[in-house]
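Below: the structure, in structure tokens.
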Amino acid sequence: GKLTPVARLEPVNIGGVVVKGQAIELADTLSTQFASGAGDGLLGLAFGNINTVKPTTVKTPVENMISQSDIPKTAQLFTAKLGSWRDTDEPDKGESFYTFGFIDQETVTASGEDIHYTTVDKSKGFWMFDSTSATVNGKPIARAGNKAIADTGTTLALVDDNTCKAIYDAIEGAYYDNDSQGYVYPSNTALDKLPVVSFAVGDKQFVVQKEDLGFAEAKSGYVYGGIQSRGSMDMDILGDSFLKGIYAVSIDEL
């Protein structure tokens, strides 16, 4: 006979918040890269309308938090702060964290700015918003009708080819490397020689931290860029290279 995969229902403890009866899908196989990593799995924070559990869809962890009153109805939100070893002088000492049901005001205060909100289009299940412009060293790049999604599960920022080219044209010695399948630039490039790059979230520009313009060594003497082409996708994916420079607040207005 043929086995039909089903999701198990388990209590899940997320930083002290216990979500009861949470569906967990069990993988049949794991890639070598995933098996060797420190993580135990993936926690879906997108919207429930792209849930792929069969034969019956299930509630996401955040949907269960709301229905079980783990987070208040007046604060149906979560936040993400991705830090790094470079941020040890900040109040959170560079620690990464999520909050569910509240906004960490100390982090907001430390940023020196008020929270900027923009409308989210959740029709495709992602945290998607308008991102119709970008800048490289202050020079605007118009991207009429462009959309972007914020995704902590993506390491890089993936954007359209024109924007990608403009960024690396501004870095001396940068080029598209076929072996690495992406843009690279010289490892000895000083931070002050890297461009100031920003992407619009709604009507406000947010700058990518210069140290996050480089991801990792690609080949001897070259760094693989933290911003790369999105290929044939019709929207940007602003992953960790972008999100490390902001405190992201995600609110679901049901």
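Naming works like this for the structure tokens: A, B, ... for the chains as they're shown, residue 1 at the start of each chain, ligands 1 onward in shown order.
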
What's around range 226-228 of chain A at 10 Å? Count only C-alpha atoms, leave out sequence neighbours fewer than 4 positions away in its own chain, and write the answer as a PyMOL selection string.
chain A and resi 155-161+163-165+167-168+176+181-184+208+210-216+237-242

Go ahead and write the residues just picked, N, CA and C atoms, as an mmCIF file, in the first residue's frame.
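Heads up, here's the output in out-v7.cif:
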```cif
data_model
loop_
_atom_site.group_PDB
_atom_site.id
_atom_site.type_symbol
_atom_site.label_atom_id
_atom_site.label_comp_id
_atom_site.auth_asym_id
_atom_site.auth_seq_id
_atom_site.Cartn_x
_atom_site.Cartn_y
_atom_site.Cartn_z
ATOM 1 N N THR A 155 19.255 33.973 2.834
ATOM 2 C CA THR A 155 20.493 34.558 3.339
ATOM 3 C C THR A 155 20.848 35.868 2.647
ATOM 4 N N LEU A 156 20.658 35.926 1.328
ATOM 5 C CA LEU A 156 21.062 37.082 0.542
ATOM 6 C C LEU A 156 19.877 37.997 0.267
ATOM 7 N N ALA A 157 20.154 39.118 -0.392
ATOM 8 C CA ALA A 157 19.096 39.951 -0.962
ATOM 9 C C ALA A 157 19.130 39.714 -2.472
ATOM 10 N N LEU A 158 17.994 39.396 -3.048
ATOM 11 C CA LEU A 158 17.905 39.067 -4.472
ATOM 12 C C LEU A 158 17.050 40.122 -5.161
ATOM 13 N N VAL A 159 17.639 40.832 -6.130
ATOM 14 C CA VAL A 159 16.959 41.965 -6.759
ATOM 15 C C VAL A 159 17.099 41.878 -8.279
ATOM 16 N N ASP A 160 16.449 42.814 -8.981
ATOM 17 C CA ASP A 160 16.457 42.780 -10.441
ATOM 18 C C ASP A 160 17.856 43.039 -10.996
ATOM 19 N N ASP A 161 18.083 42.598 -12.229
ATOM 20 C CA ASP A 161 19.416 42.651 -12.832
ATOM 21 C C ASP A 161 19.962 44.074 -12.956
ATOM 22 N N THR A 163 19.371 46.748 -11.108
ATOM 23 C CA THR A 163 19.800 47.237 -9.798
ATOM 24 C C THR A 163 21.076 46.534 -9.357
ATOM 25 N N CYS A 164 21.122 45.232 -9.596
ATOM 26 C CA CYS A 164 22.296 44.443 -9.233
ATOM 27 C C CYS A 164 23.542 44.985 -9.944
ATOM 28 N N LYS A 165 23.419 45.233 -11.241
ATOM 29 C CA LYS A 165 24.547 45.735 -12.022
ATOM 30 C C LYS A 165 25.004 47.110 -11.527
ATOM 31 N N ILE A 167 24.843 48.291 -8.550
ATOM 32 C CA ILE A 167 25.547 48.143 -7.271
ATOM 33 C C ILE A 167 27.004 47.753 -7.515
ATOM 34 N N TYR A 168 27.221 46.746 -8.354
ATOM 35 C CA TYR A 168 28.584 46.239 -8.534
ATOM 36 C C TYR A 168 29.404 47.098 -9.493
ATOM 37 N N TYR A 176 30.853 39.849 -12.587
ATOM 38 C CA TYR A 176 30.045 38.632 -12.487
ATOM 39 C C TYR A 176 30.952 37.445 -12.774
ATOM 40 N N GLN A 181 28.862 31.829 -9.937
ATOM 41 C CA GLN A 181 27.469 32.069 -10.321
ATOM 42 C C GLN A 181 26.883 33.277 -9.584
ATOM 43 N N GLY A 182 27.687 34.335 -9.555
ATOM 44 C CA GLY A 182 27.215 35.555 -8.918
ATOM 45 C C GLY A 182 28.286 36.627 -8.969
ATOM 46 N N TYR A 183 27.921 37.816 -8.501
ATOM 47 C CA TYR A 183 28.862 38.935 -8.472
ATOM 48 C C TYR A 183 29.847 38.769 -7.319
ATOM 49 N N VAL A 184 31.103 39.089 -7.598
ATOM 50 C CA VAL A 184 32.153 39.059 -6.583
ATOM 51 C C VAL A 184 32.908 40.388 -6.632
ATOM 52 N N VAL A 208 21.397 49.263 3.287
ATOM 53 C CA VAL A 208 22.050 47.990 3.583
ATOM 54 C C VAL A 208 23.376 48.291 4.271
ATOM 55 N N LYS A 210 27.079 48.301 5.114
ATOM 56 C CA LYS A 210 28.187 48.032 4.187
ATOM 57 C C LYS A 210 28.835 46.678 4.445
ATOM 58 N N GLU A 211 28.947 46.297 5.728
ATOM 59 C CA GLU A 211 29.580 45.012 6.022
ATOM 60 C C GLU A 211 28.756 43.831 5.509
ATOM 61 N N ASP A 212 27.473 44.063 5.208
ATOM 62 C CA ASP A 212 26.625 42.984 4.698
ATOM 63 C C ASP A 212 26.562 42.953 3.174
ATOM 64 N N LEU A 213 27.295 43.873 2.519
ATOM 65 C CA LEU A 213 27.388 43.817 1.060
ATOM 66 C C LEU A 213 28.240 42.631 0.610
ATOM 67 N N GLY A 214 29.059 42.104 1.516
ATOM 68 C CA GLY A 214 29.843 40.908 1.233
ATOM 69 C C GLY A 214 29.318 39.750 2.050
ATOM 70 N N PHE A 215 29.185 38.574 1.439
ATOM 71 C CA PHE A 215 28.632 37.419 2.142
ATOM 72 C C PHE A 215 29.736 36.500 2.662
ATOM 73 N N ALA A 216 30.554 35.991 1.760
ATOM 74 C CA ALA A 216 31.601 35.047 2.157
ATOM 75 C C ALA A 216 32.650 34.983 1.056
ATOM 76 N N ILE A 237 13.557 39.476 -3.245
ATOM 77 C CA ILE A 237 13.541 38.822 -1.937
ATOM 78 C C ILE A 237 14.597 39.508 -1.084
ATOM 79 N N LEU A 238 14.150 40.300 -0.145
ATOM 80 C CA LEU A 238 15.071 41.013 0.742
ATOM 81 C C LEU A 238 15.327 40.145 1.967
ATOM 82 N N GLY A 239 16.381 39.352 1.860
ATOM 83 C CA GLY A 239 16.730 38.420 2.920
ATOM 84 C C GLY A 239 17.658 39.034 3.952
ATOM 85 N N ASP A 240 18.505 38.188 4.550
ATOM 86 C CA ASP A 240 19.276 38.606 5.718
ATOM 87 C C ASP A 240 20.260 39.735 5.434
ATOM 88 N N SER A 241 20.823 39.794 4.213
ATOM 89 C CA SER A 241 21.753 40.887 3.894
ATOM 90 C C SER A 241 21.095 42.243 4.097
ATOM 91 N N PHE A 242 19.797 42.314 3.830
ATOM 92 C CA PHE A 242 19.032 43.546 4.045
ATOM 93 C C PHE A 242 18.515 43.629 5.479
#
```

Please provide the set of residues having any atom within 10 Å of Ile171 in chain A, restricted to only C-alpha atoms, with same-chain residues fewer than 3 positions apart removed, written as a PyMOL selection string.
chain A and resi 166-168+174-175+184-186+189+193-195

Expected file: the selected residues, C-alpha atoms, as an mmCIF file, in the first residue's frame:
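out.cif written:
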```
data_model
loop_
_atom_site.group_PDB
_atom_site.id
_atom_site.type_symbol
_atom_site.label_atom_id
_atom_site.label_comp_id
_atom_site.auth_asym_id
_atom_site.auth_seq_id
_atom_site.Cartn_x
_atom_site.Cartn_y
_atom_site.Cartn_z
ATOM 1 C CA ALA A 166 24.375 49.319 -10.706
ATOM 2 C CA ILE A 167 25.547 48.143 -7.271
ATOM 3 C CA TYR A 168 28.584 46.239 -8.534
ATOM 4 C CA ALA A 174 33.725 43.762 -9.036
ATOM 5 C CA TYR A 175 32.454 41.475 -11.777
ATOM 6 C CA VAL A 184 32.153 39.059 -6.583
ATOM 7 C CA TYR A 185 34.458 41.896 -5.551
ATOM 8 C CA PRO A 186 38.037 42.115 -4.186
ATOM 9 C CA THR A 189 38.021 46.521 -0.640
ATOM 10 C CA LYS A 193 35.079 52.276 -0.880
ATOM 11 C CA LEU A 194 31.842 50.273 -0.850
ATOM 12 C CA PRO A 195 28.698 52.035 -2.108
#
```

Select, from A:Asp252, A:Ala150, A:Thr99, A:Ala200, the residue with the minimum atom-to-atom distance to Val136 in chain A, counting only C-alpha atoms.
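The answer is A:Ala200, which sits nearest to Val136 in chain A.
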
Could you write out, as a list in words, all the residues of range 130-168 of chain A that DSSP marks as strand (DSSP E)?
Asp130, Ser133, Ala134, Thr135, Val136, Lys139, Pro140, Ile141, Ala142, Lys147, Ala148, Ile149, Ala150, Ala157, Leu158 and Val159 of chain A

Given the selection you just returned, output its residues as a file containing C-alpha atoms, formatted as a compact mmCIF listing (two decimals), in the first residue's frame.
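File written: again26.txt
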```txt
# COMPACT_ATOMS: atom_id res chain seq x y z
CA ASP A 130 5.93 48.02 -2.74
CA SER A 133 13.01 52.50 -6.05
CA ALA A 134 16.54 51.91 -4.86
CA THR A 135 19.64 54.08 -4.56
CA VAL A 136 23.35 53.49 -5.11
CA LYS A 139 21.71 57.95 -7.31
CA PRO A 140 18.08 56.81 -7.58
CA ILE A 141 17.08 53.74 -9.56
CA ALA A 142 13.42 53.84 -10.59
CA LYS A 147 7.41 44.44 -5.34
CA ALA A 148 9.58 42.89 -2.67
CA ILE A 149 9.15 40.36 0.10
CA ALA A 150 10.99 40.26 3.42
CA ALA A 157 19.10 39.95 -0.96
CA LEU A 158 17.90 39.07 -4.47
CA VAL A 159 16.96 41.96 -6.76
```

If you count only C-alpha atoms, which residues fall within 10 Å of Asn49 in chain A, apart from same-chain ones fewer than 2 positions away, as a list in words?
Ala46, Phe47, Asn51, Thr52, Thr57, Val58, Lys59, Thr60, Lys122, Ser123, Lys124, Gly125 and Phe126 of chain A
